[in-house]
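Notes for the one structure printed next.
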Amino acid sequence: MKYADYHELRLEREGDVLTVGLEKPGNGRKHSELSRLFAEVRADDVKVVVLTGAGEAFMPHADMQWYASVGEQDWLQLMREGKWLIRDMVELPQPIVVGLNGDAVGLGASIASFGDIIVASEDAVMTDRHLAMGLVAGDGGALSFPLSMGVHRAKAFYLLSKPMSANDLLDAGVVTTVVPRDQLEEAVREVVEQLVALPREALQWTKMVLNRQYQLSMLLGAEVSLGHEGWSWHLQQAQASHRDIQRRAR
């Protein structure tokens with residue numbers, strides 16, 4: 001049975017469309033499920049993927065209690081999974097339609113940025129807090145956002161941890177359209193119906209041609225960006241350990 005072993009994601013297959021519901025704060029199990037989902041989708045005959053939040057947000061910040069418990073081996077696995085997730089999303093032949101129905105934070109913003117058509121509710125917000133937490137934003141968005149919004153806007157987004165509203169994102173070219181929240185589901189459905197009606201091979205091949213710049217960017221930068229995020233995490237741990245030693249020495 002396809003898509004059977006997922007607990008942190010809500011998956012619904014209806015005909016040619018797979019809908020993936022996110023929303024819950026990030027944790028290790030959710031990260032692991034995301035890292036293998038798109039490889040499974042690629043091997044399926046599903047025609048269109050819809051990503052949206054399973055509740056009031058698209059994908060909020062990480063579960064901080066879980067994050068505080070992450071050890072070195074956990075972090076190495078997260079970096080491996082991050083590489084798989086970035087690669088598989090960018091190389092996925094099926095179009096990804098994003099229904100951005102609320103806050104998309106950190107990894108959530110990065111995942112949304114890999115969507116092919118992004119329909120946002122008017123109250124949606126994207127933000128990234130990696131830098132404010134002492135981490136490099138290495139999970140893919142720092143490579144994809146400059147391609148959609150331009151380098152200088154991407155720098156403001158990351159270096160200033162600057163939240164972007166739905167209209168900011170529309171103006172920057174990140175999202176395709178903005179609609180009232182109560183019209184989001186219908187707007188996404190209309191896009192999906194148009195895509196499903198197209199010839200499968202021509203649809204997928206056109207998407208892959210359009211994704212070529214993303215593929216090149218990820219090929220050149222994914223390991224570097226994830227590596228820098230890993231080093232920034234290790235630096236944090238070393239500094240925390242040093243402060244603990246100093247406290248005990250007093």
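To be explicit about the labels: the chains of the structure tokens are called A, B, and onward in the order shown, and within each one the residues are counted from 1, while ligands get numbers from 1 in the order they are shown.
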Do you know which residues are at most 9 Å from segment 221-228 of chain A counting only C-alpha atoms, after dropping those on the same chain fewer than 6 positions away, and could you put them as a short mmCIF file (atom, residue, chain, number, x, y, z; two decimals) with N, CA and C atoms, in the first residue's frame?
data_model
loop_
_atom_site.label_atom_id
_atom_site.label_comp_id
_atom_site.auth_asym_id
_atom_site.auth_seq_id
_atom_site.Cartn_x
_atom_site.Cartn_y
_atom_site.Cartn_z
N MET A 79 20.95 16.42 8.41
CA MET A 79 21.64 16.98 7.25
C MET A 79 21.51 16.05 6.04
N ARG A 80 21.64 14.75 6.27
CA ARG A 80 21.45 13.79 5.17
C ARG A 80 20.03 13.87 4.63
N GLY A 82 18.00 16.37 4.83
CA GLY A 82 17.80 17.65 4.17
C GLY A 82 18.25 17.61 2.72
N LYS A 83 19.37 16.96 2.48
CA LYS A 83 19.87 16.83 1.11
C LYS A 83 18.90 16.02 0.26
N ILE A 86 15.69 18.22 -0.50
CA ILE A 86 15.94 19.25 -1.51
C ILE A 86 16.05 18.62 -2.89
N ARG A 87 16.85 17.58 -3.00
CA ARG A 87 17.07 16.92 -4.29
C ARG A 87 15.76 16.38 -4.86
N LEU A 135 21.94 29.95 13.54
CA LEU A 135 22.16 28.92 12.54
C LEU A 135 22.21 29.51 11.14
N VAL A 136 22.94 28.85 10.26
CA VAL A 136 22.91 29.19 8.83
C VAL A 136 21.62 28.61 8.24
N ALA A 137 20.97 29.37 7.39
CA ALA A 137 19.75 28.89 6.72
C ALA A 137 20.15 27.97 5.57
N GLY A 138 20.39 26.71 5.91
CA GLY A 138 20.96 25.78 4.92
C GLY A 138 19.98 24.81 4.32
N ASP A 139 18.68 24.95 4.62
CA ASP A 139 17.75 23.91 4.21
C ASP A 139 17.13 24.12 2.84
N GLY A 140 17.76 24.93 2.00
CA GLY A 140 17.35 25.03 0.60
C GLY A 140 16.76 26.35 0.19
N ALA A 142 17.58 29.38 0.97
CA ALA A 142 18.57 30.40 0.63
C ALA A 142 19.13 30.20 -0.78
N LEU A 143 18.88 29.02 -1.36
CA LEU A 143 19.27 28.76 -2.75
C LEU A 143 18.11 29.02 -3.71
#
* Asked: Leaving out segment 17-19 of chain A and any residue of its chain fewer than 6 positions from it, which residues lie within 7 Å of it when counting only C-alpha atoms, given as a PyMOL selection string?
  -> chain A and resi 11+46-51
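Omitting Asp74 of chain A and its sequence neighbours fewer than 4 positions away, and counting only C-alpha atoms, the residues within 12 Å are Asn27, Gly28, Arg29, His31, Ser32, Trp66, Tyr67, Ala68, Ser69, Val70, Leu78, Met79, Arg80, Glu81, Gly230 and Trp233 of chain A.
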Any chance you can output those residues with N, CA and C atoms as a JSON list (two decimals), in the first residue's frame?
[["chain", "number", "residue", "atom", "x", "y", "z"],
["A", 27, "ASN", "N", 9.66, 18.23, 13.68],
["A", 27, "ASN", "CA", 10.35, 17.38, 14.64],
["A", 27, "ASN", "C", 11.10, 16.32, 13.84],
["A", 28, "GLY", "N", 11.81, 15.45, 14.54],
["A", 28, "GLY", "CA", 12.64, 14.47, 13.84],
["A", 28, "GLY", "C", 11.85, 13.53, 12.96],
["A", 29, "ARG", "N", 10.71, 13.06, 13.44],
["A", 29, "ARG", "CA", 9.92, 12.11, 12.66],
["A", 29, "ARG", "C", 9.33, 12.77, 11.42],
["A", 31, "HIS", "N", 10.56, 15.38, 9.84],
["A", 31, "HIS", "CA", 11.68, 15.63, 8.93],
["A", 31, "HIS", "C", 12.01, 14.36, 8.15],
["A", 32, "SER", "N", 12.03, 13.23, 8.84],
["A", 32, "SER", "CA", 12.33, 11.95, 8.19],
["A", 32, "SER", "C", 11.27, 11.59, 7.16],
["A", 66, "TRP", "N", 11.84, 19.47, 21.04],
["A", 66, "TRP", "CA", 12.57, 18.46, 20.26],
["A", 66, "TRP", "C", 13.93, 19.00, 19.84],
["A", 67, "TYR", "N", 13.98, 20.25, 19.34],
["A", 67, "TYR", "CA", 15.24, 20.81, 18.87],
["A", 67, "TYR", "C", 16.29, 20.82, 19.97],
["A", 68, "ALA", "N", 15.89, 21.14, 21.20],
["A", 68, "ALA", "CA", 16.85, 21.20, 22.32],
["A", 68, "ALA", "C", 17.44, 19.83, 22.63],
["A", 69, "SER", "N", 16.74, 18.76, 22.22],
["A", 69, "SER", "CA", 17.21, 17.41, 22.54],
["A", 69, "SER", "C", 18.07, 16.81, 21.43],
["A", 70, "VAL", "N", 18.25, 17.51, 20.31],
["A", 70, "VAL", "CA", 18.98, 16.96, 19.17],
["A", 70, "VAL", "C", 20.46, 16.82, 19.50],
["A", 78, "LEU", "N", 19.82, 14.59, 10.18],
["A", 78, "LEU", "CA", 19.00, 15.69, 9.66],
["A", 78, "LEU", "C", 19.64, 16.30, 8.41],
["A", 79, "MET", "N", 20.95, 16.42, 8.41],
["A", 79, "MET", "CA", 21.64, 16.98, 7.25],
["A", 79, "MET", "C", 21.51, 16.05, 6.04],
["A", 80, "ARG", "N", 21.64, 14.75, 6.27],
["A", 80, "ARG", "CA", 21.45, 13.79, 5.17],
["A", 80, "ARG", "C", 20.03, 13.87, 4.63],
["A", 81, "GLU", "N", 19.07, 13.89, 5.54],
["A", 81, "GLU", "CA", 17.67, 13.97, 5.12],
["A", 81, "GLU", "C", 17.38, 15.27, 4.39],
["A", 230, "GLY", "N", 25.31, 22.84, 9.45],
["A", 230, "GLY", "CA", 25.85, 21.88, 10.41],
["A", 230, "GLY", "C", 26.98, 22.46, 11.24],
["A", 233, "TRP", "N", 25.65, 24.81, 13.84],
["A", 233, "TRP", "CA", 25.08, 24.08, 14.98],
["A", 233, "TRP", "C", 26.19, 23.57, 15.90]]
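With atom CA of Ala187 of chain A on one side and atom CA of Pro93 of chain A on the other, the separation reads 22.3 Å.
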* To do: Using only C-alpha atoms, determine which residues lie at most 10 Å from segment 174-184 of chain A, disregarding the query and same-chain residues fewer than 5 positions distant; provide the list as a ChimeraX atom specification.
  => /A:98-102,112-124,144-150,166-169,189-190
Dump as an mmCIF file, in the first residue's frame, selection limited to C-alpha atoms:
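The new file out.cif reads:
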data_model
loop_
_atom_site.group_PDB
_atom_site.id
_atom_site.type_symbol
_atom_site.label_atom_id
_atom_site.label_comp_id
_atom_site.auth_asym_id
_atom_site.auth_seq_id
_atom_site.Cartn_x
_atom_site.Cartn_y
_atom_site.Cartn_z
ATOM 1 C CA VAL A 98 1.145 24.963 -2.878
ATOM 2 C CA GLY A 99 -1.914 26.170 -0.981
ATOM 3 C CA LEU A 100 -0.188 28.602 1.386
ATOM 4 C CA ASN A 101 -2.831 28.838 4.076
ATOM 5 C CA GLY A 102 -0.938 30.563 6.898
ATOM 6 C CA ALA A 112 6.845 26.206 -0.102
ATOM 7 C CA SER A 113 9.497 27.925 -2.243
ATOM 8 C CA PHE A 114 9.971 24.711 -4.250
ATOM 9 C CA GLY A 115 6.333 24.751 -5.303
ATOM 10 C CA ASP A 116 5.646 25.233 -9.003
ATOM 11 C CA ILE A 117 2.457 27.239 -8.531
ATOM 12 C CA ILE A 118 1.864 28.896 -5.156
ATOM 13 C CA VAL A 119 -1.604 30.140 -4.252
ATOM 14 C CA ALA A 120 -1.547 32.111 -0.988
ATOM 15 C CA SER A 121 -4.301 33.158 1.364
ATOM 16 C CA GLU A 122 -4.202 36.879 2.076
ATOM 17 C CA ASP A 123 -3.159 36.260 5.701
ATOM 18 C CA ALA A 124 -0.222 33.978 4.798
ATOM 19 C CA SER A 144 15.724 28.903 -4.156
ATOM 20 C CA PHE A 145 14.488 32.308 -2.980
ATOM 21 C CA PRO A 146 17.133 34.347 -4.875
ATOM 22 C CA LEU A 147 15.862 32.703 -8.080
ATOM 23 C CA SER A 148 12.284 33.821 -7.469
ATOM 24 C CA MET A 149 12.563 37.122 -5.583
ATOM 25 C CA GLY A 150 16.054 38.290 -6.525
ATOM 26 C CA ALA A 166 1.218 37.362 1.074
ATOM 27 C CA ASN A 167 1.172 40.640 -0.853
ATOM 28 C CA ASP A 168 4.939 41.090 -0.290
ATOM 29 C CA LEU A 169 5.460 37.602 -1.696
ATOM 30 C CA ARG A 189 -8.691 23.190 -6.984
ATOM 31 C CA GLU A 190 -9.040 25.266 -10.170
#
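The shortest atom-to-atom distance to Leu92 of chain A, with only C-alpha atoms taken into account, belongs to A:Phe38 out of A:Tyr6, A:Trp75, A:Phe157, A:Phe38.
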* Given only C-alpha atoms as the counted atoms, nearest of A:Ala238, A:Val105, A:Leu220, A:Ala4 to Leu22 of chain A -> A:Val105
* Quote the spacing between atom CA of Gln236 of chain A and atom CA of Ala57 of chain A in Å to one decimal place. =>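 Computed distance, atom CA of Gln236 of chain A to atom CA of Ala57 of chain A, equals 29.1 Å.
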* To do: Write out as a ChimeraX atom specification all residues of segment 51-131 of chain A that DSSP puts in strand (DSSP E) for this structure's backbone.
  => /A:51-52,96-100,103-105,117-121,125-127
May I have the selected residues written with C-alpha atoms, as a short mmCIF file (atom, residue, chain, number, x, y, z; two decimals), in the first residue's frame?
data_model
loop_
_atom_site.label_atom_id
_atom_site.label_comp_id
_atom_site.auth_asym_id
_atom_site.auth_seq_id
_atom_site.Cartn_x
_atom_site.Cartn_y
_atom_site.Cartn_z
CA LEU A 51 1.03 20.88 -0.46
CA THR A 52 -0.96 22.74 2.15
CA ILE A 96 3.62 20.84 -7.01
CA VAL A 97 0.76 23.21 -6.24
CA VAL A 98 1.15 24.96 -2.88
CA GLY A 99 -1.91 26.17 -0.98
CA LEU A 100 -0.19 28.60 1.39
CA ASP A 103 2.51 30.86 8.46
CA ALA A 104 5.37 29.12 6.66
CA VAL A 105 8.42 29.33 8.92
CA ILE A 117 2.46 27.24 -8.53
CA ILE A 118 1.86 28.90 -5.16
CA VAL A 119 -1.60 30.14 -4.25
CA ALA A 120 -1.55 32.11 -0.99
CA SER A 121 -4.30 33.16 1.36
CA VAL A 125 3.26 34.94 6.00
CA MET A 126 6.71 33.50 5.27
CA THR A 127 9.60 34.05 7.63
#
* Separation of atom CA of Gly55 of chain A and atom CA of Arg129 of chain A, in Å? -> 21.5 Å
* Those of segment 1-244 of chain A in DSSP alpha helix (DSSP H), formatted as an MDAnalysis selection string -> chainID A and resid 28:42 64:68 72:90 107:113 141:149 151:159 166:172 184:196 200:210 212:244
For the residues in the current selection, export C-alpha atoms as a tab-separated table (two decimals), in the first residue's frame.
chain	number	residue	atom	x	y	z
A	28	GLY	CA	12.64	14.47	13.84
A	29	ARG	CA	9.92	12.11	12.66
A	30	LYS	CA	8.29	14.73	10.43
A	31	HIS	CA	11.68	15.63	8.93
A	32	SER	CA	12.33	11.95	8.19
A	33	GLU	CA	8.92	11.49	6.58
A	34	LEU	CA	9.39	14.55	4.37
A	35	SER	CA	12.84	13.32	3.32
A	36	ARG	CA	11.41	10.12	1.80
A	37	LEU	CA	8.00	11.31	0.63
A	38	PHE	CA	8.96	12.83	-2.72
A	39	ALA	CA	11.06	9.84	-3.80
A	40	GLU	CA	7.94	7.73	-3.29
A	41	VAL	CA	5.80	10.26	-5.19
A	42	ARG	CA	8.26	10.23	-8.08
A	64	MET	CA	11.72	23.71	20.31
A	65	GLN	CA	11.57	20.96	22.93
A	66	TRP	CA	12.57	18.46	20.26
A	67	TYR	CA	15.24	20.81	18.87
A	68	ALA	CA	16.85	21.20	22.32
A	72	GLU	CA	25.33	15.09	17.09
A	73	GLN	CA	24.22	11.87	15.41
A	74	ASP	CA	20.68	13.24	15.13
A	75	TRP	CA	22.06	16.35	13.45
A	76	LEU	CA	24.10	14.36	10.95
A	77	GLN	CA	20.95	12.43	10.02
A	78	LEU	CA	19.00	15.69	9.66
A	79	MET	CA	21.64	16.98	7.25
A	80	ARG	CA	21.45	13.79	5.17
A	81	GLU	CA	17.67	13.97	5.12
A	82	GLY	CA	17.80	17.65	4.17
A	83	LYS	CA	19.87	16.83	1.11
A	84	TRP	CA	17.42	14.09	0.07
A	85	LEU	CA	14.44	16.40	0.55
A	86	ILE	CA	15.94	19.25	-1.51
A	87	ARG	CA	17.07	16.92	-4.29
A	88	ASP	CA	13.80	15.01	-4.53
A	89	MET	CA	11.58	18.10	-4.51
A	90	VAL	CA	13.60	19.84	-7.22
A	107	LEU	CA	11.86	24.75	6.62
A	108	GLY	CA	8.19	25.41	5.88
A	109	ALA	CA	9.12	28.51	3.86
A	110	SER	CA	11.83	26.56	2.03
A	111	ILE	CA	9.44	23.73	1.17
A	112	ALA	CA	6.84	26.21	-0.10
A	113	SER	CA	9.50	27.93	-2.24
A	141	GLY	CA	15.42	28.26	0.74
A	142	ALA	CA	18.57	30.40	0.63
A	143	LEU	CA	19.27	28.76	-2.75
A	144	SER	CA	15.72	28.90	-4.16
A	145	PHE	CA	14.49	32.31	-2.98
A	146	PRO	CA	17.13	34.35	-4.87
A	147	LEU	CA	15.86	32.70	-8.08
A	148	SER	CA	12.28	33.82	-7.47
A	149	MET	CA	12.56	37.12	-5.58
A	151	VAL	CA	19.25	38.31	-4.50
A	152	HIS	CA	18.76	41.53	-2.54
A	153	ARG	CA	15.23	40.76	-1.41
A	154	ALA	CA	16.40	37.28	-0.39
A	155	LYS	CA	19.21	38.85	1.64
A	156	ALA	CA	16.74	41.10	3.47
A	157	PHE	CA	14.49	38.10	4.10
A	158	TYR	CA	17.27	36.04	5.67
A	159	LEU	CA	19.77	38.52	7.13
A	166	ALA	CA	1.22	37.36	1.07
A	167	ASN	CA	1.17	40.64	-0.85
A	168	ASP	CA	4.94	41.09	-0.29
A	169	LEU	CA	5.46	37.60	-1.70
A	170	LEU	CA	3.23	38.33	-4.67
A	171	ASP	CA	5.09	41.56	-5.40
A	172	ALA	CA	8.41	39.71	-5.11
A	184	LEU	CA	-8.07	29.35	-1.12
A	185	GLU	CA	-9.31	25.77	-1.43
A	186	GLU	CA	-11.36	26.59	-4.53
A	187	ALA	CA	-8.48	28.55	-6.12
A	188	VAL	CA	-6.12	25.61	-5.58
A	189	ARG	CA	-8.69	23.19	-6.98
A	190	GLU	CA	-9.04	25.27	-10.17
A	191	VAL	CA	-5.27	25.19	-10.73
A	192	VAL	CA	-5.11	21.44	-10.09
A	193	GLU	CA	-7.95	20.75	-12.52
A	194	GLN	CA	-6.17	22.68	-15.25
A	195	LEU	CA	-2.96	20.71	-14.68
A	196	VAL	CA	-4.66	17.31	-14.50
A	200	ARG	CA	1.09	13.80	-18.57
A	201	GLU	CA	4.45	13.60	-20.37
A	202	ALA	CA	4.32	17.10	-21.85
A	203	LEU	CA	3.30	18.50	-18.45
A	204	GLN	CA	6.10	16.79	-16.56
A	205	TRP	CA	8.81	17.42	-19.14
A	206	THR	CA	7.91	21.11	-19.36
A	207	LYS	CA	8.07	21.38	-15.58
A	208	MET	CA	11.52	19.77	-15.55
A	209	VAL	CA	12.83	22.14	-18.24
A	210	LEU	CA	11.57	25.09	-16.18
A	212	ARG	CA	16.63	23.39	-14.65
A	213	GLN	CA	17.94	26.52	-12.89
A	214	TYR	CA	16.75	25.15	-9.55
A	215	GLN	CA	18.47	21.84	-10.27
A	216	LEU	CA	21.74	23.59	-11.09
A	217	SER	CA	21.50	25.77	-7.99
A	218	MET	CA	20.89	22.78	-5.74
A	219	LEU	CA	23.64	20.75	-7.41
A	220	LEU	CA	26.16	23.51	-6.79
A	221	GLY	CA	24.95	24.71	-3.40
A	222	ALA	CA	22.96	22.15	-1.42
A	223	GLU	CA	25.87	20.36	0.27
A	224	VAL	CA	27.64	23.67	0.96
A	225	SER	CA	24.57	25.27	2.52
A	226	LEU	CA	23.72	22.22	4.61
A	227	GLY	CA	27.37	21.88	5.62
A	228	HIS	CA	27.46	25.48	6.84
A	229	GLU	CA	24.26	24.93	8.80
A	230	GLY	CA	25.85	21.88	10.41
A	231	TRP	CA	28.99	23.81	11.32
A	232	SER	CA	26.94	26.63	12.84
A	233	TRP	CA	25.08	24.08	14.98
A	234	HIS	CA	28.38	22.55	16.13
A	235	LEU	CA	29.68	26.02	16.99
A	236	GLN	CA	26.60	26.64	19.11
A	237	GLN	CA	27.14	23.37	20.96
A	238	ALA	CA	30.81	24.16	21.56
A	239	GLN	CA	30.02	27.62	22.89
A	240	ALA	CA	27.30	26.24	25.17
A	241	SER	CA	29.73	23.59	26.48
A	242	HIS	CA	32.39	26.26	27.07
A	243	ARG	CA	29.94	28.43	29.03
A	244	ASP	CA	28.93	25.41	31.11
